[in-house]
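J.: Have a look at this one.
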Amino acid sequence: MKKVTLTIDGKKVEAQEGEILLWVALDNGIYIPNLCALREREQPYAGCRLCFVEIEGYPEPVTACTEPVKEGMIVKTQTEEVQKLQKTAAELILSTHHIDCGHCKKNKKCELQKIARHLKIKLKPKRLRLISKDLPVDDSHPLFTYDPNKCVLCGKCVWVCKEKQGVGTLNFAYRGFEMVVTTFNKLPLGEVQCNQCGSCVEVCPVGALLLKESHP
Ligand code: FES
């Protein structure tokens, strides 16, 4: 594969032609907010809409997780337009996220906290009405708990369970505000097929899927 040179926020970086811009930026110490991207995933999900960047010559901002790099690309990750898009996406996610950081096992390791810090927004955004989903926490699995009220619908657990582990225990159900990650027929996790690999917990960027206390 051909090597290319591009510029991100004024920094010249080298990459293989066709590499995904998000990973090139992150690997070079340039943070772009992201929740749904997985390196192993060939077809990016691009559902969280957090990773917008501007590329010189492009008519509008694009998502860095779907953009292959090219020779001479000039990328900006901090323009006013980009920040506006990223903040709106983050605030929409936060408006339905059950904020209880003080009691959450993921506190200080949560990707949503990192994104809010990076974008200088509050975890409880004032601009939008906070909507509580009030869904029951599933504690039925021997290995982990699942709190759908903290789920950010990034789809990482769904993808690893199906595509990597070949199980498909978790999936999306419903649409719009009602959308949730759940099991077939919404059965408790303790009652469905699961190989107990823990991959879903590993990829969860927030505190939705957490190992139980006996599994630190
Ligand atoms: S990381 Fe690009 S849209 Fe989610």
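Residues in the structure tokens are named by chain (A, B, ... in the order shown) and by number from 1 within that chain; ligands are numbered from 1 in the order shown.
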List as a compact mmCIF listing (two decimals) with all heavy atoms, in the first residue's frame the protein and nucleic acid residues near Gly198 (chain A), meaning an atom at most 10 Å away when only C-alpha atoms are counted, but skip any in the same chain fewer than 4 places from it.
T.:
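Below is the file that was written, result-v6.txt:
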# COMPACT_ATOMS: atom_id res chain seq x y z
N LEU A 143 -22.30 -13.02 34.89
CA LEU A 143 -21.03 -12.31 34.71
C LEU A 143 -21.14 -10.79 34.78
O LEU A 143 -20.27 -10.09 35.29
CB LEU A 143 -20.45 -12.72 33.35
CG LEU A 143 -18.99 -12.47 33.07
CD1 LEU A 143 -18.14 -13.35 33.98
CD2 LEU A 143 -18.67 -12.79 31.61
N PHE A 144 -22.23 -10.27 34.21
CA PHE A 144 -22.33 -8.81 34.10
C PHE A 144 -23.75 -8.30 34.27
O PHE A 144 -24.71 -9.06 34.20
CB PHE A 144 -21.76 -8.33 32.74
CG PHE A 144 -22.43 -8.95 31.54
CD1 PHE A 144 -23.61 -8.42 31.03
CD2 PHE A 144 -21.89 -10.06 30.92
CE1 PHE A 144 -24.23 -8.97 29.92
CE2 PHE A 144 -22.51 -10.63 29.81
CZ PHE A 144 -23.68 -10.09 29.31
N CYS A 157 -21.33 -3.53 21.30
CA CYS A 157 -21.61 -4.83 21.90
C CYS A 157 -22.36 -5.72 20.92
O CYS A 157 -22.09 -6.92 20.82
CB CYS A 157 -22.40 -4.66 23.20
SG CYS A 157 -23.94 -3.75 23.00
N VAL A 160 -19.68 -6.96 18.29
CA VAL A 160 -18.72 -7.99 18.75
C VAL A 160 -19.42 -9.31 19.05
O VAL A 160 -18.88 -10.38 18.77
CB VAL A 160 -17.85 -7.56 19.97
CG1 VAL A 160 -16.85 -6.51 19.61
CG2 VAL A 160 -18.68 -7.17 21.15
N CYS A 161 -20.61 -9.23 19.62
CA CYS A 161 -21.34 -10.46 19.97
C CYS A 161 -21.68 -11.25 18.70
O CYS A 161 -21.50 -12.46 18.66
CB CYS A 161 -22.61 -10.09 20.74
SG CYS A 161 -23.51 -11.51 21.34
N CYS A 194 -25.42 -17.38 25.52
CA CYS A 194 -24.31 -16.44 25.69
C CYS A 194 -23.08 -17.28 26.03
O CYS A 194 -23.16 -18.16 26.88
CB CYS A 194 -24.63 -15.47 26.83
SG CYS A 194 -23.22 -14.47 27.35
N GLU A 202 -16.24 -5.49 27.52
CA GLU A 202 -14.95 -4.87 27.15
C GLU A 202 -15.12 -3.68 26.22
O GLU A 202 -14.42 -2.68 26.35
CB GLU A 202 -14.11 -5.91 26.42
CG GLU A 202 -12.92 -6.40 27.22
CD GLU A 202 -12.31 -7.60 26.53
OE1 GLU A 202 -11.83 -7.45 25.40
OE2 GLU A 202 -12.35 -8.68 27.14
N VAL A 203 -16.04 -3.78 25.25
CA VAL A 203 -16.15 -2.70 24.26
C VAL A 203 -17.11 -1.59 24.68
O VAL A 203 -17.12 -0.53 24.06
CB VAL A 203 -16.57 -3.21 22.86
CG1 VAL A 203 -15.49 -4.06 22.24
CG2 VAL A 203 -17.90 -3.95 22.91
N LEU A 209 -22.78 -1.78 30.32
CA LEU A 209 -22.46 -3.20 30.57
C LEU A 209 -21.27 -3.23 31.53
O LEU A 209 -20.19 -2.72 31.20
CB LEU A 209 -22.09 -3.89 29.25
CG LEU A 209 -23.28 -4.21 28.33
CD1 LEU A 209 -22.83 -4.34 26.90
CD2 LEU A 209 -24.00 -5.47 28.79
N LEU A 210 -21.49 -3.81 32.68
CA LEU A 210 -20.43 -3.82 33.70
C LEU A 210 -20.27 -5.21 34.30
O LEU A 210 -21.27 -5.89 34.57
CB LEU A 210 -20.78 -2.86 34.84
CG LEU A 210 -20.71 -1.36 34.54
CD1 LEU A 210 -21.29 -0.58 35.72
CD2 LEU A 210 -19.29 -0.92 34.27
N LEU A 211 -19.02 -5.60 34.52
CA LEU A 211 -18.79 -6.88 35.19
C LEU A 211 -19.31 -6.79 36.62
O LEU A 211 -19.24 -5.72 37.24
CB LEU A 211 -17.29 -7.20 35.21
CG LEU A 211 -16.65 -7.64 33.90
CD1 LEU A 211 -15.18 -7.92 34.12
CD2 LEU A 211 -17.34 -8.88 33.32
J.: Return as a ChimeraX atom specification every polymer residue, whether protein, DNA or RNA, with at least one atom no more than 12 Å from an atom of ligand 1; count only C-alpha atoms and all ligand atoms.
T.: /A:20-23,26,31-39,41,43-53,61-67,85-86,89-90,93,111,115,152-156,205
J.: Can you write just those residues out, N, CA and C atoms, as a short mmCIF file (atom, residue, chain, number, x, y, z; two decimals), in the first residue's frame?
T.:
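Below you can see again_12.cif, which holds the result:
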data_model
loop_
_atom_site.label_atom_id
_atom_site.label_comp_id
_atom_site.auth_asym_id
_atom_site.auth_seq_id
_atom_site.Cartn_x
_atom_site.Cartn_y
_atom_site.Cartn_z
N ILE A 20 -8.31 4.68 7.66
CA ILE A 20 -9.43 5.51 8.11
C ILE A 20 -8.90 6.70 8.94
N LEU A 21 -9.40 7.86 8.57
CA LEU A 21 -8.90 9.12 9.15
C LEU A 21 -8.97 9.13 10.68
N LEU A 22 -10.04 8.60 11.25
CA LEU A 22 -10.18 8.62 12.72
C LEU A 22 -8.99 7.94 13.38
N TRP A 23 -8.61 6.76 12.86
CA TRP A 23 -7.52 6.00 13.49
C TRP A 23 -6.18 6.70 13.25
N LEU A 26 -6.09 9.56 15.81
CA LEU A 26 -5.89 9.06 17.19
C LEU A 26 -4.48 8.50 17.37
N TYR A 31 -7.01 13.92 19.20
CA TYR A 31 -8.26 13.32 19.65
C TYR A 31 -9.44 13.84 18.85
N ILE A 32 -10.25 12.92 18.36
CA ILE A 32 -11.53 13.26 17.74
C ILE A 32 -12.58 12.47 18.51
N PRO A 33 -13.61 13.14 19.06
CA PRO A 33 -14.61 12.40 19.83
C PRO A 33 -15.21 11.26 19.00
N ASN A 34 -15.41 10.13 19.63
CA ASN A 34 -16.00 8.98 18.92
C ASN A 34 -16.56 8.01 19.95
N LEU A 35 -17.65 7.36 19.59
CA LEU A 35 -18.23 6.35 20.48
C LEU A 35 -18.49 5.03 19.77
N CYS A 36 -18.79 5.09 18.49
CA CYS A 36 -19.27 3.86 17.84
C CYS A 36 -18.23 3.17 16.97
N ALA A 37 -17.05 3.77 16.80
CA ALA A 37 -16.07 3.19 15.88
C ALA A 37 -15.29 2.05 16.53
N LEU A 38 -15.06 1.00 15.74
CA LEU A 38 -14.24 -0.14 16.17
C LEU A 38 -13.23 -0.42 15.07
N ARG A 39 -11.99 -0.57 15.42
CA ARG A 39 -10.96 -0.78 14.40
C ARG A 39 -11.21 -2.01 13.54
N ARG A 41 -13.89 -3.34 12.67
CA ARG A 41 -15.12 -3.31 11.88
C ARG A 41 -14.85 -2.70 10.50
N GLN A 43 -16.96 -2.23 7.90
CA GLN A 43 -18.00 -1.27 7.52
C GLN A 43 -18.34 -0.44 8.75
N PRO A 44 -17.88 0.82 8.83
CA PRO A 44 -18.16 1.61 10.03
C PRO A 44 -19.67 1.81 10.23
N TYR A 45 -20.06 1.83 11.48
CA TYR A 45 -21.47 2.01 11.81
C TYR A 45 -21.88 3.48 11.66
N ALA A 46 -21.00 4.36 12.09
CA ALA A 46 -21.21 5.81 11.95
C ALA A 46 -22.54 6.26 12.52
N GLY A 47 -22.89 5.76 13.68
CA GLY A 47 -24.18 6.08 14.27
C GLY A 47 -24.14 7.20 15.29
N CYS A 48 -23.00 7.42 15.93
CA CYS A 48 -22.98 8.39 17.03
C CYS A 48 -22.86 9.83 16.54
N ARG A 49 -22.37 10.05 15.32
CA ARG A 49 -22.24 11.36 14.69
C ARG A 49 -21.37 12.33 15.50
N LEU A 50 -20.38 11.78 16.17
CA LEU A 50 -19.52 12.62 17.02
C LEU A 50 -18.21 13.01 16.34
N CYS A 51 -17.83 12.27 15.31
CA CYS A 51 -16.46 12.40 14.82
C CYS A 51 -16.32 13.32 13.61
N PHE A 52 -17.22 14.30 13.50
CA PHE A 52 -17.15 15.21 12.34
C PHE A 52 -15.83 15.98 12.29
N VAL A 53 -15.34 16.15 11.08
CA VAL A 53 -14.14 16.98 10.83
C VAL A 53 -14.39 17.74 9.52
N PRO A 61 -18.72 19.15 6.39
CA PRO A 61 -17.99 18.26 7.30
C PRO A 61 -18.34 16.79 7.05
N VAL A 62 -17.38 15.92 7.31
CA VAL A 62 -17.60 14.47 7.13
C VAL A 62 -17.24 13.75 8.43
N THR A 63 -17.71 12.51 8.56
CA THR A 63 -17.35 11.72 9.75
C THR A 63 -15.98 11.07 9.52
N ALA A 64 -15.09 11.29 10.48
CA ALA A 64 -13.72 10.78 10.34
C ALA A 64 -13.66 9.26 10.34
N CYS A 65 -14.67 8.61 10.92
CA CYS A 65 -14.64 7.14 11.00
C CYS A 65 -15.02 6.47 9.70
N THR A 66 -15.47 7.27 8.72
CA THR A 66 -15.83 6.68 7.43
C THR A 66 -14.93 7.19 6.30
N GLU A 67 -13.99 8.07 6.63
CA GLU A 67 -13.23 8.76 5.59
C GLU A 67 -11.83 8.16 5.39
N LEU A 85 -21.36 20.75 15.50
CA LEU A 85 -21.92 19.42 15.18
C LEU A 85 -21.60 18.40 16.28
N GLN A 86 -20.34 18.42 16.74
CA GLN A 86 -19.94 17.46 17.77
C GLN A 86 -20.69 17.71 19.08
N ALA A 89 -24.31 16.52 18.81
CA ALA A 89 -24.39 15.05 18.88
C ALA A 89 -24.18 14.58 20.32
N ALA A 90 -23.19 15.15 21.00
CA ALA A 90 -22.88 14.74 22.37
C ALA A 90 -24.04 15.09 23.31
N ILE A 93 -26.93 12.69 23.00
CA ILE A 93 -26.67 11.42 23.70
C ILE A 93 -26.81 11.63 25.20
N GLU A 111 -16.07 6.98 28.39
CA GLU A 111 -15.77 7.73 27.16
C GLU A 111 -16.66 8.97 27.05
N ILE A 115 -15.47 12.80 26.38
CA ILE A 115 -15.99 13.61 25.27
C ILE A 115 -16.52 14.95 25.80
N VAL A 152 -25.50 4.07 25.18
CA VAL A 152 -25.42 5.20 24.24
C VAL A 152 -25.70 4.74 22.80
N LEU A 153 -26.15 3.51 22.65
CA LEU A 153 -26.54 2.95 21.35
C LEU A 153 -25.41 2.99 20.33
N CYS A 154 -24.19 2.79 20.81
CA CYS A 154 -23.04 2.80 19.89
C CYS A 154 -22.98 1.53 19.05
N GLY A 155 -23.64 0.48 19.51
CA GLY A 155 -23.70 -0.76 18.73
C GLY A 155 -22.45 -1.63 18.81
N LYS A 156 -21.47 -1.24 19.63
CA LYS A 156 -20.24 -2.04 19.69
C LYS A 156 -20.51 -3.44 20.24
N PRO A 205 -18.36 1.60 25.90
CA PRO A 205 -17.57 2.79 26.22
C PRO A 205 -18.05 3.52 27.48
#
J.: Based on DSSP run over this structure's backbone, return all residues of region 5-215 of chain A in helix (DSSP H, G or I), as a PyMOL selection string.
T.: chain A and resi 21-27+64-66+80-95+101-103+111-119+148-150+156-164+176-178+184-186+189-191+199-203
J.: Check the DSSP output for the backbone and give back, as a count of residues only, the residues of region 3-202 of chain A in strand (DSSP E or B).
T.: 33
J.: Hey, what's within 8 Å of region 167-171 of chain A if we count only C-alpha atoms and toss same-chain stuff fewer than 5 positions away? As a VMD selection string, please?
T.: chain A and resid 157 to 158 161 to 162 181 to 184 192 to 195
J.: Would you save the residues from that selection as a compact mmCIF listing (two decimals), in the first residue's frame, using C-alpha atoms?
T.:
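selection-v2.txt written:
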# COMPACT_ATOMS: atom_id res chain seq x y z
CA CYS A 157 -21.61 -4.83 21.90
CA VAL A 158 -24.07 -5.88 19.19
CA CYS A 161 -21.34 -10.46 19.97
CA LYS A 162 -22.55 -11.24 16.45
CA VAL A 181 -30.05 -2.74 22.73
CA THR A 182 -31.73 -5.87 23.99
CA THR A 183 -32.08 -9.62 23.51
CA PHE A 184 -34.49 -11.52 21.28
CA VAL A 192 -30.46 -16.43 26.56
CA GLN A 193 -27.59 -18.11 24.73
CA CYS A 194 -24.31 -16.44 25.69
CA ASN A 195 -20.78 -17.86 25.64
J.: Could you name the residues that touch Ile99 (chain A) at 9 Å or less, counting only C-alpha atoms, but leaving out those on the same chain fewer than 5 positions away, as JSON, numbers by chain?
T.: {"A": [94, 104, 123, 124, 149, 150]}
J.: Mind dumping the selected residues with N, CA and C atoms as a compact mmCIF listing (two decimals), in the first residue's frame?
T.:
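Heads up, here's the output in selection_19.txt:
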# COMPACT_ATOMS: atom_id res chain seq x y z
N LEU A 94 -26.24 12.72 25.70
CA LEU A 94 -26.29 12.98 27.15
C LEU A 94 -27.72 13.22 27.64
N CYS A 104 -21.18 5.20 39.54
CA CYS A 104 -20.95 4.33 38.38
C CYS A 104 -19.53 3.78 38.42
N LEU A 123 -22.20 17.54 31.66
CA LEU A 123 -22.78 16.20 31.52
C LEU A 123 -24.31 16.26 31.54
N LYS A 124 -24.83 17.33 32.16
CA LYS A 124 -26.28 17.54 32.10
C LYS A 124 -26.50 18.80 31.27
N ASN A 149 -30.42 2.27 30.59
CA ASN A 149 -30.54 3.72 30.79
C ASN A 149 -29.20 4.43 30.59
N LYS A 150 -28.13 3.66 30.61
CA LYS A 150 -26.81 4.25 30.38
C LYS A 150 -26.27 3.94 28.98
J.: Please provide as a list in words all residues within 9 Å of Val4 (chain A), with the sequence filter that same-chain residues fewer than 5 positions apart are discarded (counting only C-alpha atoms).
T.: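 After dropping sequence-adjacent residues, the list is Val13, Glu14, Ala15, Gln16, Glu17, Val69, Lys70, Glu71 and Gly72 of chain A.
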